[in-house]
$ cat input_4.cif   # mmCIF, C-alpha atoms
data_data
#
loop_
_atom_site.label_atom_id
_atom_site.label_comp_id
_atom_site.auth_asym_id
_atom_site.auth_seq_id
_atom_site.Cartn_x
_atom_site.Cartn_y
_atom_site.Cartn_z
CA MET A 81 -3.16 -1.78 -6.18
CA ILE A 82 -6.03 -3.57 -4.56
CA ALA A 83 -9.19 -1.46 -4.53
CA LEU A 84 -12.37 -2.24 -2.69
CA ILE A 85 -14.28 -4.58 -4.97
CA VAL A 86 -17.52 -5.57 -3.31
CA PRO A 87 -19.24 -8.76 -4.46
CA THR A 88 -22.60 -8.48 -6.15
CA LEU A 89 -25.07 -8.90 -3.33
CA VAL A 90 -28.77 -9.56 -3.12
CA ALA A 91 -30.07 -6.30 -1.69
CA SER A 92 -32.97 -7.90 0.18
CA LEU A 93 -30.54 -9.96 2.23
CA MET A 94 -28.79 -6.82 3.40
CA LEU A 95 -31.87 -4.73 4.03
CA GLY A 96 -33.64 -7.19 6.28
CA SER A 97 -32.60 -5.43 9.50
CA ASP A 98 -33.65 -1.98 8.33
CA SER A 99 -37.02 -0.52 9.21
CA GLY A 100 -37.17 2.24 6.63
CA SER A 101 -40.08 3.10 4.40
CA ALA A 102 -40.79 0.98 1.35
CA LYS A 103 -39.84 3.86 -0.93
CA ALA A 104 -36.51 4.38 0.84
CA GLU A 105 -35.73 0.67 0.76
CA SER A 106 -36.53 0.59 -2.96
CA LEU A 107 -34.05 3.43 -3.51
CA VAL A 108 -31.36 1.57 -1.57
CA LYS A 109 -31.88 -1.49 -3.79
CA ALA A 110 -31.61 0.75 -6.84
CA CYS A 111 -28.45 2.32 -5.41
CA ARG A 112 -26.91 -1.12 -4.98
CA ALA A 113 -27.90 -2.27 -8.46
CA ALA A 114 -26.38 0.86 -10.00
CA PHE A 115 -23.19 0.37 -7.96
CA ASN A 116 -22.87 -3.23 -9.16
CA ASP A 117 -23.18 -1.93 -12.75
CA ASN A 118 -20.51 0.72 -12.03
CA HIS A 119 -22.96 3.60 -12.49
CA LEU A 120 -21.59 5.46 -9.50
CA ASP A 121 -23.30 8.82 -10.02
CA THR A 122 -26.69 7.15 -10.26
CA ALA A 123 -25.93 4.96 -7.25
CA LEU A 124 -24.89 7.96 -5.16
CA ALA A 125 -28.02 9.89 -6.10
CA ASP A 126 -30.26 6.96 -5.14
CA CYS A 127 -28.54 6.41 -1.79
CA ASN A 128 -28.75 10.12 -0.98
CA LYS A 129 -32.46 10.13 -1.79
CA ALA A 130 -33.00 7.09 0.43
CA ILE A 131 -31.19 8.74 3.33
CA ALA A 132 -33.20 11.95 2.86
CA LEU A 133 -36.44 9.95 2.99
CA ASP A 134 -35.44 7.82 5.95
CA PRO A 135 -32.11 8.45 7.72
CA SER A 136 -32.47 5.25 9.81
CA ILE A 137 -31.54 2.80 7.03
CA ALA A 138 -28.07 1.48 7.88
CA SER A 139 -27.43 -0.12 4.49
CA ALA A 140 -27.97 3.20 2.68
CA TYR A 141 -24.97 4.65 4.53
CA ALA A 142 -22.90 1.51 4.00
CA PHE A 143 -23.56 1.49 0.26
CA ARG A 144 -22.82 5.20 0.05
CA GLY A 145 -19.58 4.43 1.87
CA ASP A 146 -18.75 1.84 -0.79
CA ILE A 147 -19.19 4.47 -3.51
CA LYS A 148 -16.94 6.93 -1.70
CA ASP A 149 -14.32 4.26 -1.07
CA VAL A 150 -14.18 3.23 -4.73
CA ARG A 151 -13.71 6.90 -5.62
CA GLY A 152 -10.80 7.19 -3.20
CA ASP A 153 -12.59 9.14 -0.46
CA HIS A 154 -11.64 6.72 2.30
CA HIS A 155 -12.30 9.15 5.13
CA GLY A 156 -15.77 9.91 3.78
CA ALA A 157 -16.42 6.19 3.42
CA LEU A 158 -15.32 5.57 7.00
CA ALA A 159 -17.72 8.23 8.27
CA ASP A 160 -20.62 6.54 6.47
CA TYR A 161 -19.70 3.08 7.75
CA ASN A 162 -19.54 4.50 11.27
CA ILE A 163 -23.10 5.83 10.91
CA ALA A 164 -24.31 2.51 9.51
CA LEU A 165 -22.83 0.59 12.46
CA LYS A 166 -24.17 3.07 14.98
CA LEU A 167 -27.65 2.51 13.54
CA ASN A 168 -27.16 -1.27 13.48
CA PRO A 169 -24.33 -2.56 15.74
CA ASN A 170 -24.78 -6.09 14.36
CA TYR A 171 -24.54 -5.10 10.69
CA GLN A 172 -22.06 -7.72 9.52
CA TYR A 173 -21.47 -6.25 6.06
CA GLY A 174 -20.71 -2.86 7.62
CA TYR A 175 -17.86 -4.35 9.64
CA ALA A 176 -16.44 -6.17 6.61
CA THR A 177 -16.38 -3.04 4.46
CA ARG A 178 -15.12 -0.81 7.26
CA CYS A 179 -12.32 -3.32 7.79
CA ASP A 180 -11.19 -2.73 4.22
CA THR A 181 -11.37 1.05 4.45
CA ARG A 182 -9.43 1.05 7.70
CA ARG A 183 -6.83 -1.12 5.96
CA GLU A 184 -6.57 1.45 3.17
CA LEU A 185 -6.09 4.15 5.81
CA GLU A 186 -3.38 1.96 7.45
CA ASP A 187 -5.39 1.58 10.66
CA TYR A 188 -4.44 -2.07 10.83
CA THR A 189 -5.52 -2.60 14.44
CA GLY A 190 -8.99 -1.24 13.74
CA ALA A 191 -9.21 -3.19 10.49
CA LYS A 192 -8.35 -6.45 12.23
CA ALA A 193 -10.99 -5.84 14.87
CA ASP A 194 -13.62 -5.16 12.21
CA CYS A 195 -12.80 -8.20 10.08
CA THR A 196 -12.78 -10.39 13.20
CA LYS A 197 -16.19 -8.98 14.19
CA ALA A 198 -17.59 -9.56 10.70
CA ILE A 199 -16.45 -13.18 10.70
CA GLY A 200 -17.86 -13.70 14.19
CA LEU A 201 -21.26 -12.42 13.08
CA ASN A 202 -21.26 -14.64 9.98
CA PRO A 203 -18.52 -17.29 9.73
CA GLY A 204 -19.86 -18.31 6.32
CA ASP A 205 -19.21 -14.96 4.66
CA GLY A 206 -16.39 -15.40 2.16
CA TYR A 207 -16.10 -11.66 1.58
CA ALA A 208 -15.06 -10.98 5.20
CA TYR A 209 -12.28 -13.57 4.94
CA ASP A 210 -11.26 -12.04 1.61
CA ARG A 211 -10.85 -8.60 3.19
CA PHE A 212 -8.91 -10.17 6.07
CA GLY A 213 -6.58 -11.74 3.50
CA TYR A 214 -5.76 -8.36 2.01
CA LEU A 215 -5.14 -7.00 5.49
CA ASP A 216 -2.67 -9.87 6.01
CA LEU A 217 -0.92 -8.99 2.74
CA ASP A 218 -0.57 -5.35 3.77
CA THR A 219 0.91 -6.31 7.12
CA GLY A 220 3.36 -8.85 5.66
CA ASN A 221 1.67 -12.00 6.95
CA ASP A 222 1.55 -14.03 3.74
CA ALA A 223 0.94 -17.41 5.38
CA ALA A 224 -2.12 -16.03 7.20
CA ALA A 225 -3.28 -14.44 3.95
CA VAL A 226 -3.23 -17.85 2.23
CA LYS A 227 -5.37 -19.30 5.03
CA HIS A 228 -7.91 -16.46 4.91
CA PHE A 229 -8.17 -16.52 1.12
CA THR A 230 -8.54 -20.31 1.17
CA THR A 231 -11.41 -20.05 3.66
CA ALA A 232 -12.97 -17.28 1.59
CA LEU A 233 -12.92 -19.51 -1.49
CA LYS A 234 -14.38 -22.47 0.40
CA ASN A 235 -17.29 -20.24 1.36
CA ASP A 236 -17.58 -18.61 -2.07
CA PRO A 237 -15.55 -20.13 -4.94
CA THR A 238 -16.51 -17.22 -7.23
CA LEU A 239 -14.45 -14.61 -5.35
CA VAL A 240 -12.06 -13.39 -8.03
CA ASN A 241 -10.14 -11.18 -5.63
CA SER A 242 -9.44 -14.10 -3.32
CA TYR A 243 -7.76 -16.04 -6.13
CA ALA A 244 -5.76 -12.95 -7.10
CA GLY A 245 -4.86 -12.20 -3.49
CA ARG A 246 -3.79 -15.78 -2.79
CA CYS A 247 -1.74 -15.68 -6.00
CA HIS A 248 0.05 -12.63 -4.58
CA ALA A 249 0.62 -14.33 -1.24
CA TYR A 250 1.97 -17.50 -2.88
CA ASP A 251 4.25 -15.34 -5.00
CA ASN A 252 5.65 -13.67 -1.88
CA LEU A 253 6.18 -17.14 -0.41
CA GLU A 254 8.02 -18.17 -3.62
CA LYS A 255 5.40 -20.82 -4.38
CA TYR A 256 5.18 -19.79 -8.01
CA SER A 257 3.32 -22.76 -9.48
CA GLN A 258 0.50 -22.28 -6.98
CA ALA A 259 0.55 -18.53 -7.62
CA LEU A 260 0.19 -19.05 -11.37
CA GLU A 261 -2.66 -21.50 -10.88
CA ASP A 262 -4.58 -19.06 -8.68
CA CYS A 263 -4.18 -16.07 -10.97
CA LYS A 264 -5.30 -18.16 -13.93
CA SER A 265 -8.36 -19.20 -11.90
CA ALA A 266 -9.11 -15.53 -11.25
CA LEU A 267 -8.95 -14.79 -14.97
CA ASP A 268 -11.06 -17.85 -15.81
CA ILE A 269 -13.83 -16.40 -13.64
CA ASP A 270 -13.33 -12.82 -14.81
CA PRO A 271 -11.11 -12.26 -17.87
CA ASN A 272 -11.20 -8.53 -17.09
CA SER A 273 -9.75 -8.93 -13.60
CA ASP A 274 -6.92 -6.41 -13.40
CA ASP A 275 -5.69 -7.86 -10.12
CA GLY A 276 -5.58 -11.34 -11.61
CA LEU A 277 -3.66 -10.09 -14.64
CA PHE A 278 -1.24 -7.97 -12.57
CA TYR A 279 -0.25 -10.77 -10.23
CA LEU A 280 -0.18 -13.35 -13.01
CA ALA A 281 2.44 -11.29 -14.85
CA TRP A 282 4.32 -10.75 -11.60
CA ALA A 283 4.34 -14.49 -10.83
CA GLU A 284 5.39 -15.41 -14.37
CA ARG A 285 8.44 -13.18 -14.23
CA ASN A 286 9.45 -14.58 -10.82
CA ASP A 287 9.00 -18.10 -12.19
CA GLY A 288 11.42 -17.38 -15.03
CA LYS A 289 8.73 -16.93 -17.69
CA ALA A 290 9.80 -13.43 -18.75
CA ALA A 291 8.26 -13.59 -22.24
CA ASP A 292 4.86 -14.60 -20.86
CA ALA A 293 5.12 -11.86 -18.25
CA ILE A 294 5.86 -9.22 -20.89
CA GLY A 295 2.79 -10.23 -22.87
CA HIS A 296 0.55 -9.96 -19.84
CA TRP A 297 2.12 -6.67 -18.73
CA ASN A 298 1.42 -5.33 -22.23
CA THR A 299 -2.26 -6.23 -21.86
CA TYR A 300 -2.41 -4.80 -18.34
CA ILE A 301 -0.77 -1.52 -19.33
CA LYS A 302 -3.17 -1.06 -22.24
CA ARG A 303 -5.99 -1.22 -19.70
CA ASN A 304 -4.16 0.79 -17.01
CA PRO A 305 -1.74 3.18 -18.72
CA ASP A 306 -1.42 5.32 -15.58
CA ASP A 307 -0.11 2.51 -13.37
CA ALA A 308 3.56 3.41 -12.88
CA VAL A 309 4.32 0.19 -11.00
CA ALA A 310 3.29 -1.85 -14.04
CA PHE A 311 5.95 -0.10 -16.15
CA TYR A 312 8.54 -0.87 -13.48
CA ASN A 313 7.60 -4.54 -13.46
CA ARG A 314 7.52 -4.77 -17.24
CA GLY A 315 10.98 -3.20 -17.20
CA LEU A 316 12.21 -6.04 -14.98
CA ALA A 317 10.68 -8.63 -17.31
CA ASN A 318 12.13 -6.92 -20.40
CA ARG A 319 15.57 -6.87 -18.76
CA ASP A 320 15.29 -10.58 -17.92
CA ALA A 321 14.37 -11.29 -21.54
CA GLY A 322 17.33 -9.30 -22.84
CA GLU A 323 15.12 -6.53 -24.24
CA LEU A 324 17.37 -3.84 -22.81
CA ALA A 325 16.15 -0.84 -24.83
CA ALA A 326 12.56 -1.63 -23.89
CA ALA A 327 13.57 -2.09 -20.25
CA LYS A 328 15.34 1.28 -20.21
CA SER A 329 12.23 2.95 -21.66
CA ASP A 330 9.98 1.31 -19.05
CA PHE A 331 12.19 2.41 -16.17
CA GLY A 332 12.28 5.89 -17.68
CA THR A 333 8.48 6.03 -17.61
CA TYR A 334 8.50 4.86 -14.01
CA ILE A 335 11.03 7.54 -13.05
CA GLU A 336 8.91 10.25 -14.68
CA ARG A 337 5.97 9.21 -12.54
CA LYS A 338 7.83 8.23 -9.37
CA PRO A 339 10.86 10.54 -9.33
CA LYS A 340 11.44 10.10 -5.59
CA ASP A 341 11.82 6.32 -5.72
CA GLY A 342 15.45 5.30 -5.98
CA ASP A 343 14.57 1.87 -7.39
CA GLY A 344 13.71 3.31 -10.80
CA PHE A 345 17.11 4.98 -11.12
CA TYR A 346 18.90 1.92 -9.74
CA GLU A 347 17.29 -0.51 -12.17
CA ARG A 348 17.76 1.82 -15.15
CA GLY A 349 21.40 2.19 -14.14
CA LEU A 350 21.85 -1.58 -14.26
CA VAL A 351 20.34 -1.66 -17.75
CA GLU A 352 22.52 1.22 -18.93
CA GLU A 353 25.56 -0.59 -17.62
CA LYS A 354 24.60 -3.64 -19.70
CA LEU A 355 24.13 -1.38 -22.71
CA GLY A 356 27.69 -0.09 -22.22
CA ASP A 357 26.66 3.45 -21.30
CA LYS A 358 28.71 3.78 -18.11
CA ASP A 359 28.29 7.54 -17.80
CA ALA A 360 24.49 7.31 -17.81
CA ALA A 361 24.64 4.33 -15.46
CA LEU A 362 26.84 6.25 -13.02
CA THR A 363 24.50 9.26 -13.08
CA ASP A 364 21.50 7.07 -12.33
CA MET A 365 23.28 5.16 -9.57
CA LYS A 366 24.24 8.41 -7.87
CA ALA A 367 20.65 9.62 -8.12
CA ALA A 368 19.47 6.30 -6.62
CA LEU A 369 22.00 6.57 -3.79
CA LYS A 370 20.84 10.06 -2.88
CA LEU A 371 17.20 8.98 -2.80
CA TYR A 372 18.00 5.90 -0.72
CA GLN A 373 19.91 8.05 1.76
CA ILE A 374 16.98 10.46 2.03
CA ALA A 375 14.62 7.51 2.61
CA GLY A 376 16.95 5.97 5.21
CA ASP A 377 17.19 2.74 3.19
CA ASP A 378 20.69 1.68 4.22
CA GLN A 379 20.67 -1.71 2.49
CA SER A 380 19.69 -0.25 -0.89
CA ALA A 381 22.14 2.61 -0.39
CA LYS A 382 24.94 0.08 0.09
CA GLN A 383 23.95 -1.73 -3.12
CA ALA A 384 24.00 1.55 -5.03
CA THR A 385 27.37 2.46 -3.51
CA ASP A 386 28.80 -0.89 -4.59
CA GLU A 387 27.60 -0.31 -8.14
CA ILE A 388 29.07 3.21 -8.17
CA ASN A 389 32.44 1.89 -6.98
CA LYS A 390 32.39 -0.77 -9.70
CA LEU A 391 31.53 1.78 -12.39
CA GLU A 392 34.27 4.11 -11.17
CA GLY A 393 36.76 1.28 -11.05
CA ASN A 394 37.30 1.51 -7.31
#
$ encode --input "input_4.cif" --output "structure tokens"
Amino acid sequence: MIALIVPTLVASLMLGSDSGSAKAESLVKACRAAFNDNHLDTALADCNKAIALDPSIASAYAFRGDIKDVRGDHHGALADYNIALKLNPNYQYGYATRCDTRRELEDYTGAKADCTKAIGLNPGDGYAYDRFGYLDLDTGNDAAAVKHFTTALKNDPTLVNSYAGRCHAYDNLEKYSQALEDCKSALDIDPNSDDGLFYLAWAERNDGKAADAIGHWNTYIKRNPDDAVAFYNRGLANRDAGELAAAKSDFGTYIERKPKDGDGFYERGLVEEKLGDKDAALTDMKAALKLYQIAGDDQSAKQATDEINKLEGN
């Protein structure tokens, strides 16, 4: 869900340690400006030109790594960050961004080392703490995530992702009022923040505000119609609100896109049971059980088995 979103940075601050030609440095600045405007093809072309002119500019590789990472080429991004840090072993931004890519590649040990190094080189960099917070979320350390996001926001109160990330962490900690406040802060700063909207809707449903959650899931899905998880979560909110037909449809969409996840079948089975369609519910519960057994999820398999026994009258 959480993609690498790099803060808009003043290029001159990041190029100060490079010794490349003026023309190459100008191209790197243009690359960064184009990246910040989401013109990725132009950004990539400018960074490639800069590297061709002067292959010693560390930031050119780091910015090219950012482009690759946003496009989902995490291994390519990692290779570029490695080059940048070989050229400049004290390149703080390079460690912060490599931390995030290593997190995406599930190299959590390497990611932690990089984020720690980035913070050590510049304890005032909110972005490094922000990336550390997302690493905490991925590794299930929600309390540490709250601390890192809080420090990030003290250093830079404009970090939208830190509000959204802390909202997520508070939600996991069942601190829903704080979660809602943070996600609303994220959307106040950037009304187009998908992360802020996603976790706001998630927190609203967990806080018993199903109708509000449905409205925000509707907005999110219009923006991100390919996000299967959003349909699953809207299905939960629709079920809570008693909109059973809509919930069944949402879980059906999720199953089409994630046919190997037993949760979609399980939740649709519960809805079908409420709708009085026991045959359909039993079919879905058996499908869920099979998938849980394949995944080795014994706890979920037991829940599905209990539902099957209830439907069969055992």
$ atom_distance --input "input_4.cif" --atom1 "atom CA of A:Lys302" --atom2 "atom CA of A:Asp121"
25.5 Å
$ resolve_selection --input "input_4.cif" --expression "the PyMOL selection byres ((chain A and resi 133-142) around 6)" --output "list in words"
Asp98, Gly100, Ala104, Val108, Cys127, Ala130, Ile131, Ala132, Phe143, Arg144, Gly145, Asp160, Tyr161, Ala164 and Leu167 of chain A
$ atom_distance --input "input_4.cif" --atom1 "atom CA of A:Tyr372" --atom2 "atom CA of A:Lys338"
13.6 Å
$ residues_around --input "input_4.cif" --residues "A:Met365" --least-positions-apart "6" --cutoff "6 Å" --atoms "all atoms listed in the file" --output "PyMOL selection string"
chain A and resi 346+349+384
$ closest_residue --input "input_4.cif" --among "A:Arg303, A:Glu184, A:Thr177, A:Lys366" --to "A:Lys197" --atoms "only C-alpha atoms"
A:Thr177
$ atom_distance --input "input_4.cif" --atom1 "atom CA of A:Leu107" --atom2 "atom CA of A:Lys129"
7.1 Å
$ resolve_selection --input "input_4.cif" --expression "the PyMOL selection byres ((chain A and resi 260) around 8)" --output "PyMOL selection string"
chain A and resi 247+256-259+261-264+280+283-284
$ write_last_selection --input "input_4.cif" --atoms "C-alpha atoms" --output "compact mmCIF listing (two decimals), in the frame of the given file"
# COMPACT_ATOMS: atom_id res chain seq x y z
CA CYS A 247 -1.74 -15.68 -6.00
CA TYR A 256 5.18 -19.79 -8.01
CA SER A 257 3.32 -22.76 -9.48
CA GLN A 258 0.50 -22.28 -6.98
CA ALA A 259 0.55 -18.53 -7.62
CA GLU A 261 -2.66 -21.50 -10.88
CA ASP A 262 -4.58 -19.06 -8.68
CA CYS A 263 -4.18 -16.07 -10.97
CA LYS A 264 -5.30 -18.16 -13.93
CA LEU A 280 -0.18 -13.35 -13.01
CA ALA A 283 4.34 -14.49 -10.83
CA GLU A 284 5.39 -15.41 -14.37
$ residues_around --input "input_4.cif" --residues "A:Gly332" --least-positions-apart "3" --cutoff "8 Å" --atoms "all atoms listed in the file" --output "list in words"
Lys328, Ser329, Ile335, Glu336, Gly344 and Arg348 of chain A
$ resolve_selection --input "input_4.cif" --expression "the PyMOL selection byres ((chain A and resi 146) around 10)" --output "number ranges by chain"
A: 84-86, 112, 115, 120, 124, 140-145, 147-154, 156-158, 160-161, 174, 177-178, 181
$ closest_residue --input "input_4.cif" --among "A:Val351, A:Leu253, A:Leu277, A:Leu316" --to "A:Leu217" --atoms "all atoms listed in the file"
A:Leu253
$ closest_residue --input "input_4.cif" --among "A:Ala244, A:Leu239, A:Ala223, A:Ile294" --to "A:Ala327" --atoms "all atoms listed in the file"
A:Ile294
$ residues_around --input "input_4.cif" --residues "A:Asp222" --least-positions-apart "4" --cutoff "12 Å" --atoms "all atoms listed in the file" --output "PyMOL selection string"
chain A and resi 212-218+226-229+245-255
$ closest_residue --input "input_4.cif" --among "A:Glu105, A:Asp287, A:Asp330, A:Glu186" --to "A:Asp126" --atoms "all atoms listed in the file"
A:Glu105
$ decode --input "input_4.cif" --residues "stretch 265-290 of chain A" --atoms "N, CA, C and O atoms" --output "PDB file, in the first residue's frame"
ATOM      1  N   SER A 265      -5.467  15.090   9.496  1.00  0.00           N
ATOM      2  CA  SER A 265      -4.353  16.039   9.329  1.00  0.00           C
ATOM      3  C   SER A 265      -3.641  15.800   8.005  1.00  0.00           C
ATOM      4  O   SER A 265      -3.256  16.745   7.310  1.00  0.00           O
ATOM      5  N   ALA A 266      -3.457  14.520   7.656  1.00  0.00           N
ATOM      6  CA  ALA A 266      -2.826  14.197   6.375  1.00  0.00           C
ATOM      7  C   ALA A 266      -3.632  14.774   5.218  1.00  0.00           C
ATOM      8  O   ALA A 266      -3.078  15.368   4.274  1.00  0.00           O
ATOM      9  N   LEU A 267      -4.945  14.634   5.291  1.00  0.00           N
ATOM     10  CA  LEU A 267      -5.810  15.116   4.209  1.00  0.00           C
ATOM     11  C   LEU A 267      -5.944  16.636   4.229  1.00  0.00           C
ATOM     12  O   LEU A 267      -6.191  17.247   3.183  1.00  0.00           O
ATOM     13  N   ASP A 268      -5.778  17.266   5.385  1.00  0.00           N
ATOM     14  CA  ASP A 268      -5.760  18.724   5.434  1.00  0.00           C
ATOM     15  C   ASP A 268      -4.551  19.271   4.668  1.00  0.00           C
ATOM     16  O   ASP A 268      -4.653  20.283   3.967  1.00  0.00           O
ATOM     17  N   ILE A 269      -3.422  18.583   4.803  1.00  0.00           N
ATOM     18  CA  ILE A 269      -2.209  19.012   4.104  1.00  0.00           C
ATOM     19  C   ILE A 269      -2.300  18.686   2.617  1.00  0.00           C
ATOM     20  O   ILE A 269      -1.957  19.494   1.755  1.00  0.00           O
ATOM     21  N   ASP A 270      -2.779  17.488   2.322  1.00  0.00           N
ATOM     22  CA  ASP A 270      -2.888  17.046   0.925  1.00  0.00           C
ATOM     23  C   ASP A 270      -4.210  16.305   0.733  1.00  0.00           C
ATOM     24  O   ASP A 270      -4.303  15.117   1.031  1.00  0.00           O
ATOM     25  N   PRO A 271      -5.241  16.994   0.231  1.00  0.00           N
ATOM     26  CA  PRO A 271      -6.541  16.336   0.033  1.00  0.00           C
ATOM     27  C   PRO A 271      -6.488  15.151  -0.926  1.00  0.00           C
ATOM     28  O   PRO A 271      -7.414  14.337  -0.933  1.00  0.00           O
ATOM     29  N   ASN A 272      -5.418  15.049  -1.695  1.00  0.00           N
ATOM     30  CA  ASN A 272      -5.279  13.941  -2.649  1.00  0.00           C
ATOM     31  C   ASN A 272      -4.453  12.787  -2.092  1.00  0.00           C
ATOM     32  O   ASN A 272      -4.098  11.873  -2.848  1.00  0.00           O
ATOM     33  N   SER A 273      -4.154  12.821  -0.799  1.00  0.00           N
ATOM     34  CA  SER A 273      -3.346  11.761  -0.200  1.00  0.00           C
ATOM     35  C   SER A 273      -4.128  10.450  -0.153  1.00  0.00           C
ATOM     36  O   SER A 273      -5.076  10.302   0.625  1.00  0.00           O
ATOM     37  N   ASP A 274      -3.734   9.504  -0.983  1.00  0.00           N
ATOM     38  CA  ASP A 274      -4.409   8.204  -0.987  1.00  0.00           C
ATOM     39  C   ASP A 274      -4.171   7.445   0.314  1.00  0.00           C
ATOM     40  O   ASP A 274      -5.071   6.767   0.824  1.00  0.00           O
ATOM     41  N   ASP A 275      -2.960   7.556   0.858  1.00  0.00           N
ATOM     42  CA  ASP A 275      -2.680   6.872   2.120  1.00  0.00           C
ATOM     43  C   ASP A 275      -3.538   7.446   3.240  1.00  0.00           C
ATOM     44  O   ASP A 275      -4.084   6.706   4.067  1.00  0.00           O
ATOM     45  N   GLY A 276      -3.653   8.774   3.271  1.00  0.00           N
ATOM     46  CA  GLY A 276      -4.485   9.391   4.300  1.00  0.00           C
ATOM     47  C   GLY A 276      -5.931   8.949   4.195  1.00  0.00           C
ATOM     48  O   GLY A 276      -6.590   8.650   5.202  1.00  0.00           O
ATOM     49  N   LEU A 277      -6.438   8.881   2.958  1.00  0.00           N
ATOM     50  CA  LEU A 277      -7.831   8.483   2.738  1.00  0.00           C
ATOM     51  C   LEU A 277      -8.045   7.012   3.075  1.00  0.00           C
ATOM     52  O   LEU A 277      -9.050   6.643   3.706  1.00  0.00           O
ATOM     53  N   PHE A 278      -7.106   6.165   2.670  1.00  0.00           N
ATOM     54  CA  PHE A 278      -7.209   4.722   2.931  1.00  0.00           C
ATOM     55  C   PHE A 278      -7.299   4.456   4.431  1.00  0.00           C
ATOM     56  O   PHE A 278      -8.209   3.757   4.903  1.00  0.00           O
ATOM     57  N   TYR A 279      -6.349   5.017   5.183  1.00  0.00           N
ATOM     58  CA  TYR A 279      -6.311   4.706   6.612  1.00  0.00           C
ATOM     59  C   TYR A 279      -7.373   5.462   7.400  1.00  0.00           C
ATOM     60  O   TYR A 279      -7.769   5.015   8.487  1.00  0.00           O
ATOM     61  N   LEU A 280      -7.858   6.576   6.857  1.00  0.00           N
ATOM     62  CA  LEU A 280      -8.998   7.243   7.483  1.00  0.00           C
ATOM     63  C   LEU A 280     -10.230   6.334   7.420  1.00  0.00           C
ATOM     64  O   LEU A 280     -10.915   6.127   8.428  1.00  0.00           O
ATOM     65  N   ALA A 281     -10.503   5.797   6.237  1.00  0.00           N
ATOM     66  CA  ALA A 281     -11.656   4.904   6.084  1.00  0.00           C
ATOM     67  C   ALA A 281     -11.505   3.663   6.958  1.00  0.00           C
ATOM     68  O   ALA A 281     -12.473   3.189   7.574  1.00  0.00           O
ATOM     69  N   TRP A 282     -10.295   3.138   7.018  1.00  0.00           N
ATOM     70  CA  TRP A 282     -10.019   1.965   7.847  1.00  0.00           C
ATOM     71  C   TRP A 282     -10.303   2.281   9.322  1.00  0.00           C
ATOM     72  O   TRP A 282     -10.982   1.518  10.028  1.00  0.00           O
ATOM     73  N   ALA A 283      -9.790   3.433   9.798  1.00  0.00           N
ATOM     74  CA  ALA A 283      -9.982   3.813  11.194  1.00  0.00           C
ATOM     75  C   ALA A 283     -11.449   4.077  11.503  1.00  0.00           C
ATOM     76  O   ALA A 283     -11.941   3.715  12.579  1.00  0.00           O
ATOM     77  N   GLU A 284     -12.167   4.697  10.568  1.00  0.00           N
ATOM     78  CA  GLU A 284     -13.585   4.989  10.795  1.00  0.00           C
ATOM     79  C   GLU A 284     -14.383   3.707  10.991  1.00  0.00           C
ATOM     80  O   GLU A 284     -15.228   3.621  11.892  1.00  0.00           O
ATOM     81  N   ARG A 285     -14.117   2.716  10.163  1.00  0.00           N
ATOM     82  CA  ARG A 285     -14.858   1.460  10.313  1.00  0.00           C
ATOM     83  C   ARG A 285     -14.540   0.807  11.655  1.00  0.00           C
ATOM     84  O   ARG A 285     -15.442   0.332  12.360  1.00  0.00           O
ATOM     85  N   ASN A 286     -13.273   0.807  12.058  1.00  0.00           N
ATOM     86  CA  ASN A 286     -12.902   0.210  13.344  1.00  0.00           C
ATOM     87  C   ASN A 286     -13.456   0.997  14.520  1.00  0.00           C
ATOM     88  O   ASN A 286     -13.624   0.444  15.620  1.00  0.00           O
ATOM     89  N   ASP A 287     -13.745   2.266  14.316  1.00  0.00           N
ATOM     90  CA  ASP A 287     -14.293   3.107  15.376  1.00  0.00           C
ATOM     91  C   ASP A 287     -15.817   3.093  15.364  1.00  0.00           C
ATOM     92  O   ASP A 287     -16.451   3.885  16.065  1.00  0.00           O
ATOM     93  N   GLY A 288     -16.402   2.196  14.567  1.00  0.00           N
ATOM     94  CA  GLY A 288     -17.852   2.070  14.538  1.00  0.00           C
ATOM     95  C   GLY A 288     -18.559   3.070  13.653  1.00  0.00           C
ATOM     96  O   GLY A 288     -19.789   3.193  13.710  1.00  0.00           O
ATOM     97  N   LYS A 289     -17.814   3.781  12.810  1.00  0.00           N
ATOM     98  CA  LYS A 289     -18.397   4.782  11.911  1.00  0.00           C
ATOM     99  C   LYS A 289     -18.468   4.198  10.494  1.00  0.00           C
ATOM    100  O   LYS A 289     -17.805   4.665   9.567  1.00  0.00           O
ATOM    101  N   ALA A 290     -19.282   3.150  10.331  1.00  0.00           N
ATOM    102  CA  ALA A 290     -19.324   2.409   9.072  1.00  0.00           C
ATOM    103  C   ALA A 290     -19.783   3.284   7.902  1.00  0.00           C
ATOM    104  O   ALA A 290     -19.228   3.198   6.798  1.00  0.00           O
TER     105      ALA A 290
END
